[in-house]
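Written out below as structure tokens is the structure these notes cover.
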Amino acid sequence: MKRLMIGIAAALALSGTAMAQDTITLGASVQETGPLANTGRYYRDGYNFAIDKINEKGGVTVNGKHYKLALKILDNQSDTNLSVRQYVQLLTQDKVNFLLGPFASDFALADSSVAEKYQVPMIEGGGASDQIFSRGYKYIFGTLPAGSEYFDSTLQMMGKLKPAPKSVALLYADDAFDVSVAKGTRALIKAYGLQAVQDQRYSSNTSDFSTLISQLKSSQPDAILVSGHETEVLNFIRQAKSLNLSAKLYSFTVGVPTADFRKALGKDANYAFGMTPWLPSTKDKDEYFGDGANFASAYAKQFGYAPDYHAASAAADVEAYVKAITAANSLDPKKVRDEIAKLNFDSLYGRIAFTAHGQINLPQTVIQVQDGKVVPIYNRTGFLAKAQYPMPAWDKR
Amino acid sequence: MHLLLQILVNGVLLGGLYALMALGLALVWGVLNIVNLAHGSFIMLGAYAGYYLFTKLGVDPFVALPISMVSLFCVGYLIQRNILNLIARAPMFNTLLITFGIDVVLTYLAQMIFSADFRTTNPVYAGDNFAVAGITLPLVRVLACGIALALTIALWLFLSRSRLGRAIRATAQNLGAARLYGVEPRLIYALTFGLGAALAGAAGDLYGVVSQINPYIGATLTGKSFAIAIIGGLESPLGVVVGGMFLGIVESLTALYIGPTYVDVVSFGILVLVLIFRPNGILGATA
């Protein structure tokens with residue numbers, strides 16, 4: 001009996017090493033539980049989905065040898081400190097080959113320091129704050145457009161609406177992402193010649209917006225721009241309705257593209273503007289998924305919900321590794337890092353090419369919820385559909 | 001001036017909801033000497049109860065209020081009977097530890113069962129409002145505030161007039177003497193904890209109508225309730241209302257005059273001041 005056990009153990013150990021030899025492991029710590037679990041799961045699902053698809057198509061070949069991709073995912077419980085420890089663990093104990101990112105700028109900001117210290121690249125699709133990329137780090141790459149430019153297309157569109165909004169109120173939460181959005185937006189508001197009537201920063205955990213909304217009511221801005229988290233955006237809209245606050249337009253950095261947002265608000269979600277760097281489209285050709293639209297339908301079939309830009313960005317991160325590893329023809333983190341910096345390819349998510357800072361350049365498409373559906377309204381080429389503007393007052397809907 | 005009035009009204013209405021949230025926590029703390037760290041999770045469960053009754057069965061959230069309260073009463077009663085009774089006479093630290101554990105279990109069970117999706121209980125009238133002298137009054141918040149006051153008065157009458165209420169107060173004040181008069185403390189403890197949970201259930205049901213629900217809202221709500229219980233004192237439910245309104249108004253004024261990021265700094269600053277100068281609450285007897 002004892003001998004049999006030893007035999008089994010030995011066989012397991014051997015098969016373990018045999019497997020380890022032809023596997024490239026990507027490590028990530030994401031929010032599977034905790035207050036950010038709602039969005040964190042898009043990254044877990046996006047990573048898994050892309051890895052399965054790439055393995056199905058034969059995996060990665062390095063130096064004539066075939067490798068399968070594997071994913072080691074840890075749950076950071078929406079805790080930044082735990083997240084940093086987990087990335088250290090992924091590199092020192094689990095010996096993963098490369099790193100994928102967490103969700104949210106606060107996390108990416110802290111976790112990228114681990115990548116930099118151990119000189120292992122991290123491609124992240126969940127942190128957009130300019131701060132992450134302003135420290136001269138060489139091992140961090142991001143596939144979300146810069147936070148400072150989130151409202152650029154929206155403000156550009158506002159100039160073309162009739163009557164064009166003149167005064168703007170800006171509200172933002174006090175975390176890394178929203179602060180960098182506010183910093184960029186403030187400059188843009190000036191550059192587009194608009195008048196800023198309110199510029200208010202609130203705490204990330206705010207659930208009561210009645211004071212801010214009452215102030216907005218008395219200063220009557222034409223447009224309200226809110227940068228915050230989905231939970232705050234939901235509270236803001238519900239309380240705006242209950243205090244009867246109407247502007248000609250309001251727009252939110254997050255929430256609007258997700259199905260969850262529209263489900264929670266029902267018809268109160270209508271007229272809300274938002275933005276997304278990605279919409280499922282047949283124009284975004286992709287080696288593994290065919291195109292963006294194909295990706296979206298296959299993803300929705302597997303997970304039971306439609307992917308938004310978070311999931312697409314996550315899938316693109318995995319693909320970026322495959323391209324870079326293939327180009328480097330090596331698993332050496334430094335060589336792969338240099339190839340990531342040189343990447344320039346089309347994916348389901350759009351063109352992946354990093355700037356010298358490591359961030360991607362993707363224009364934001366302005367979207368609006370119209371009759372419970374997300375409608376692309378405006379991008380750099382002009383209007384894609386008619387904006388419902390000005391938005392009717394709450395009591396006239 | 002007009003803005004200030006509107007902000008004060010907002011603060012009072014917010015305070016009403018706060019008071020309802022804190023009422024159960026203060027009751028359990030005062031009688032059982034347990035700071036129930038799972039109180040916010042009870043509110044969260046009450047919110048889900050209201051949400052599912054509304055979306056699945058079409059029960060109006062205000063009609064669902066008693067159902068939510070009864071369900072949470074059962075949850076609270078069973079938890080006290082089966083878990084908390086084990087540490088009924090133990091030091092404060094043990095009760096903190098065990099209620100913290102219950103909080104973690106409830107939160108993660110909630111994510112497994114309800115998922116991390118954001119929910120709102122959104123009846124057609126949820127965003128309705130009316131204006132009095134130019135001041136906008138959100139309908140649901142006014143009703144919630146009214147219900148908070150009604151439940152507070154009911155609790156106060158129950159504790160001061162009914163036989164059972166007196167037994168609860170007697171147990172809190174002098175366990176030995178209460179026992180001599182035939183009070184069964186185990187039953188009283190379970191009833192009180194159940195009552196505290198029921199009040200959390202009521203708060204949660206209304207919270208879902210004015211805010212959004214996810215499995216993680218509990219922690220912040222426990223913190224708020226804790227602060228209100230300290231500011232208002234544990235002696236009387238009326239103190240809790242005063243504490244809630246006070247906090248609501250202070251938060252609203254801070255957001256207006258100092259800035260929305262300082263709301264927590266100021267409210268917890270006040271908490272510290274109350275602990276130093278009036279440790280029994282603003283309405284409580286001076287120490």
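Ordered as shown in the structure tokens, chains take letters A, B, and onward, while each chain numbers its residues from 1 and ligands are numbered from 1 in the order shown.
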
Please identify the strand (DSSP E or B) residues within region 71-278 of chain A (assignment by DSSP from backbone atoms) and present them as a tab-separated table (two decimals) with N, CA and C atoms, in the first residue's frame.
chain	number	residue	atom	x	y	z
A	71	LEU	N	-3.03	30.02	-16.69
A	71	LEU	CA	-3.30	31.22	-15.93
A	71	LEU	C	-3.28	30.90	-14.44
A	72	LYS	N	-2.53	31.68	-13.68
A	72	LYS	CA	-2.57	31.53	-12.22
A	72	LYS	C	-3.22	32.80	-11.69
A	73	ILE	N	-4.42	32.64	-11.18
A	73	ILE	CA	-5.14	33.83	-10.73
A	73	ILE	C	-5.34	33.77	-9.22
A	74	LEU	N	-5.11	34.90	-8.55
A	74	LEU	CA	-5.33	34.98	-7.11
A	74	LEU	C	-6.40	36.04	-6.86
A	75	ASP	N	-7.14	35.86	-5.77
A	75	ASP	CA	-8.20	36.81	-5.43
A	75	ASP	C	-7.67	37.83	-4.43
A	98	PHE	N	4.97	35.59	-16.74
A	98	PHE	CA	4.68	37.00	-17.00
A	98	PHE	C	3.45	37.41	-16.20
A	99	LEU	N	3.24	38.74	-16.11
A	99	LEU	CA	2.13	39.23	-15.30
A	99	LEU	C	1.04	39.90	-16.12
A	100	LEU	N	-0.19	39.60	-15.76
A	100	LEU	CA	-1.33	40.35	-16.26
A	100	LEU	C	-1.81	41.24	-15.11
A	122	MET	N	4.46	43.52	-17.00
A	122	MET	CA	3.04	43.40	-16.66
A	122	MET	C	2.25	44.15	-17.72
A	123	ILE	N	1.34	43.44	-18.40
A	123	ILE	CA	0.43	44.13	-19.29
A	123	ILE	C	-0.90	44.19	-18.59
A	124	GLU	N	-1.41	45.38	-18.38
A	124	GLU	CA	-2.66	45.52	-17.63
A	124	GLU	C	-3.71	46.22	-18.47
A	140	ILE	N	5.80	48.20	-17.27
A	140	ILE	CA	4.35	48.27	-17.20
A	140	ILE	C	3.76	48.77	-18.53
A	141	PHE	N	2.77	48.04	-19.01
A	141	PHE	CA	2.09	48.42	-20.25
A	141	PHE	C	0.59	48.39	-20.01
A	142	GLY	N	-0.12	49.35	-20.56
A	142	GLY	CA	-1.56	49.42	-20.29
A	142	GLY	C	-2.39	49.54	-21.56
A	167	SER	N	-21.76	75.93	-20.00
A	167	SER	CA	-21.17	75.79	-18.67
A	167	SER	C	-21.10	74.31	-18.29
A	168	VAL	N	-20.06	73.96	-17.55
A	168	VAL	CA	-19.82	72.57	-17.22
A	168	VAL	C	-19.56	72.42	-15.73
A	169	ALA	N	-20.11	71.36	-15.13
A	169	ALA	CA	-19.76	71.02	-13.75
A	169	ALA	C	-18.98	69.71	-13.78
A	170	LEU	N	-17.93	69.65	-13.01
A	170	LEU	CA	-17.09	68.46	-12.96
A	170	LEU	C	-17.09	67.89	-11.54
A	171	LEU	N	-17.49	66.64	-11.40
A	171	LEU	CA	-17.43	65.96	-10.10
A	171	LEU	C	-16.53	64.75	-10.24
A	172	TYR	N	-15.71	64.51	-9.25
A	172	TYR	CA	-14.83	63.34	-9.37
A	172	TYR	C	-14.48	62.77	-8.01
A	173	ALA	N	-14.24	61.46	-7.98
A	173	ALA	CA	-13.86	60.77	-6.75
A	173	ALA	C	-12.36	60.98	-6.50
A	195	GLN	N	-17.13	77.12	-19.74
A	195	GLN	CA	-17.01	77.72	-18.42
A	195	GLN	C	-17.26	76.67	-17.35
A	196	ALA	N	-16.30	76.51	-16.44
A	196	ALA	CA	-16.47	75.53	-15.36
A	196	ALA	C	-17.17	76.19	-14.19
A	197	VAL	N	-18.41	75.76	-13.88
A	197	VAL	CA	-19.14	76.39	-12.78
A	197	VAL	C	-18.98	75.63	-11.47
A	198	GLN	N	-18.64	74.35	-11.55
A	198	GLN	CA	-18.41	73.57	-10.32
A	198	GLN	C	-17.23	72.65	-10.59
A	199	ASP	N	-16.41	72.47	-9.58
A	199	ASP	CA	-15.29	71.54	-9.70
A	199	ASP	C	-15.17	70.90	-8.33
A	200	GLN	N	-15.79	69.75	-8.15
A	200	GLN	CA	-15.93	69.18	-6.81
A	200	GLN	C	-15.36	67.78	-6.72
A	201	ARG	N	-14.58	67.58	-5.68
A	201	ARG	CA	-14.00	66.27	-5.43
A	201	ARG	C	-14.73	65.64	-4.26
A	202	TYR	N	-15.11	64.37	-4.39
A	202	TYR	CA	-15.80	63.70	-3.29
A	202	TYR	C	-15.08	62.41	-2.92
A	223	ALA	N	-23.95	71.19	-18.66
A	223	ALA	CA	-23.47	69.81	-18.74
A	223	ALA	C	-22.84	69.40	-17.42
A	224	ILE	N	-23.08	68.14	-17.02
A	224	ILE	CA	-22.49	67.62	-15.79
A	224	ILE	C	-21.61	66.43	-16.16
A	225	LEU	N	-20.34	66.49	-15.80
A	225	LEU	CA	-19.42	65.39	-16.07
A	225	LEU	C	-19.05	64.75	-14.74
A	226	VAL	N	-19.29	63.46	-14.62
A	226	VAL	CA	-19.01	62.76	-13.36
A	226	VAL	C	-17.97	61.67	-13.60
A	227	SER	N	-16.90	61.73	-12.84
A	227	SER	CA	-15.90	60.68	-12.90
A	227	SER	C	-15.93	59.94	-11.58
A	249	LEU	N	-27.28	67.82	-20.40
A	249	LEU	CA	-26.54	66.60	-20.68
A	249	LEU	C	-25.78	66.18	-19.44
A	250	TYR	N	-25.71	64.88	-19.17
A	250	TYR	CA	-24.73	64.43	-18.19
A	250	TYR	C	-24.00	63.20	-18.71
A	251	SER	N	-22.73	63.10	-18.31
A	251	SER	CA	-21.91	62.01	-18.81
A	251	SER	C	-21.07	61.42	-17.69
A	252	PHE	N	-20.82	60.10	-17.79
A	252	PHE	CA	-20.15	59.37	-16.71
A	252	PHE	C	-18.99	58.55	-17.26
A	273	PHE	N	-24.99	59.83	-20.96
A	273	PHE	CA	-23.87	59.69	-21.86
A	273	PHE	C	-22.72	58.99	-21.14
A	274	GLY	N	-21.90	58.32	-21.93
A	274	GLY	CA	-20.71	57.71	-21.36
A	274	GLY	C	-19.68	57.60	-22.46
A	275	MET	N	-18.71	56.73	-22.25
A	275	MET	CA	-17.70	56.58	-23.28
A	275	MET	C	-17.15	55.17	-23.23
A	276	THR	N	-16.62	54.72	-24.33
A	276	THR	CA	-15.95	53.43	-24.34
A	276	THR	C	-14.88	53.43	-25.42

Distance-based interface of chain A with chain B, 8 Å, counting only C-alpha atoms, as an MDAnalysis selection string: chainID A and resid 33:35 37:38 174 200:203 207 210:212 214:215 218 231 234:235 238:239 241:244 260:261 264:266

Kindly save the residues from that selection, with C-alpha atoms included, as a short mmCIF file (atom, residue, chain, number, x, y, z; two decimals), in the first residue's frame.
data_model
loop_
_atom_site.label_atom_id
_atom_site.label_comp_id
_atom_site.auth_asym_id
_atom_site.auth_seq_id
_atom_site.Cartn_x
_atom_site.Cartn_y
_atom_site.Cartn_z
CA THR A 33 -14.54 39.19 -4.04
CA GLY A 34 -14.96 42.51 -2.24
CA PRO A 35 -16.55 45.78 -3.37
CA ALA A 37 -15.74 42.11 -7.57
CA ASN A 38 -18.40 43.34 -9.92
CA ASP A 174 -10.55 61.02 -4.90
CA GLN A 200 -15.93 69.18 -6.81
CA ARG A 201 -14.00 66.27 -5.43
CA TYR A 202 -15.80 63.70 -3.29
CA SER A 203 -14.70 60.65 -1.27
CA SER A 207 -23.29 57.18 -1.07
CA SER A 210 -27.82 65.23 -1.99
CA THR A 211 -25.61 68.18 -1.04
CA LEU A 212 -23.66 68.09 -4.32
CA SER A 214 -28.49 70.66 -4.49
CA GLN A 215 -25.43 72.78 -5.25
CA SER A 218 -28.45 76.20 -7.75
CA THR A 231 -21.77 52.39 -7.44
CA LEU A 234 -25.86 54.72 -9.76
CA ASN A 235 -26.44 56.65 -6.55
CA ARG A 238 -31.05 57.97 -8.58
CA GLN A 239 -30.61 60.95 -6.28
CA LYS A 241 -33.97 62.10 -10.10
CA SER A 242 -35.31 62.28 -6.57
CA LEU A 243 -34.08 65.87 -6.21
CA ASN A 244 -35.25 66.75 -9.72
CA ASP A 260 -25.42 45.72 -15.17
CA PHE A 261 -25.77 49.53 -15.07
CA ALA A 264 -30.00 48.39 -12.11
CA LEU A 265 -31.46 51.70 -13.31
CA GLY A 266 -34.13 50.50 -15.72
#

Expected answer as number ranges by chain: alpha helix (DSSP H) residues in region 120-287 of chain A: A: 152-158, 176-191, 210-219, 230-242, 259-265

Contacts of region 17-30 of chain B at 6 Å (only C-alpha atoms; same-chain gap of 2+ positions) as a ChimeraX atom specification: /B:14-15,32-35,145,148,193,196,199-200,203,225,229,234,240-241,244

Using C-alpha atoms, can you export the residues from the last selection as a JSON list (two decimals), in the first residue's frame?
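Generated output (out_1.json):
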[["chain", "number", "residue", "atom", "x", "y", "z"],
["B", 14, "LEU", "CA", -30.67, 61.53, 5.45],
["B", 15, "GLY", "CA", -30.53, 61.53, 9.26],
["B", 32, "LEU", "CA", -26.64, 42.66, 25.42],
["B", 33, "ASN", "CA", -23.42, 44.68, 25.59],
["B", 34, "ILE", "CA", -22.57, 43.31, 22.15],
["B", 35, "VAL", "CA", -21.29, 45.68, 19.44],
["B", 145, "CYS", "CA", -37.77, 59.29, 7.54],
["B", 148, "ALA", "CA", -37.84, 55.68, 11.00],
["B", 193, "PHE", "CA", -31.04, 40.40, 19.06],
["B", 196, "GLY", "CA", -32.21, 44.50, 16.44],
["B", 199, "LEU", "CA", -34.86, 46.95, 12.61],
["B", 200, "ALA", "CA", -31.84, 46.40, 10.35],
["B", 203, "ALA", "CA", -33.54, 49.94, 7.22],
["B", 225, "SER", "CA", -24.49, 53.02, 12.78],
["B", 229, "ALA", "CA", -25.06, 55.01, 18.46],
["B", 234, "LEU", "CA", -27.50, 53.86, 24.15],
["B", 240, "VAL", "CA", -30.49, 57.48, 18.35],
["B", 241, "VAL", "CA", -32.83, 59.64, 16.30],
["B", 244, "GLY", "CA", -28.82, 60.21, 13.29]]

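Minimum atom-to-atom distance to Thr23 (chain A), evaluated using only C-alpha atoms, belongs to A:Val62 out of A:Val233, A:Ala300, A:Val62, A:Ala327.
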
Near-region 357-371 of chain A list (9 Å; only C-alpha atoms; drop same-chain fewer than 6 positions) as a ChimeraX atom specification: /A:128,130,133-146,149-154,157,251,256-257,262,267,269-279,341,350-351,377-380,387-388

Residues within 9 Å of Val142 (chain B), only C-alpha atoms, excluding chain neighbours under 5 positions, as a VMD selection string: chain B and resid 13 16 137 147

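Atom to atom, CA of Ile249 (chain B) and CA of Glu232 (chain A) stand 20.5 Å apart.
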
Non-local contacts of Thr171 (chain B) (10 Å; only C-alpha atoms; under 2 positions in same chain excluded) as a list in words: Val31, Leu32, Gly165, Arg166, Ala167, Ile168, Arg169, Gln173, Asn174, Leu175, Gly176, Ala177, Ala178, Arg179, Val183, Glu184, Pro185, Ile188 and Tyr189 of chain B

With region 70-73 of chain B as the partner and 7 Å as the cut-off, tabulate the residues of region 148-197 of chain B that qualify, each row holding the nearest pair of atoms and their distance in Å to one decimal, using only C-alpha atoms, sorted by chain and rising number, as CSV.
residue,atom,partner,partner_atom,distance
B:Gly194,CA,B:Phe73,CA,4.2
B:Leu195,CA,B:Phe73,CA,5.8
B:Ala197,CA,B:Leu72,CA,5.4

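CA of Gly208 (chain B) is found 5.2 Å from CA of Ala47 (chain B).
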
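If you look at CA of Ala311 (chain A) and CA of Phe295 (chain A), they are 10.1 Å away from each other.
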
Counting only C-alpha atoms, the option among B:Asn36, B:Ser236, B:Ser162, B:Gln80 closest to Gly218 (chain B): B:Asn36

Contacts of Lys217 (chain A) within 8 Å, only C-alpha atoms, excl. fewer than 3 positions in-chain, as a VMD selection string: chain A and resid 213 to 214 220 245 to 246
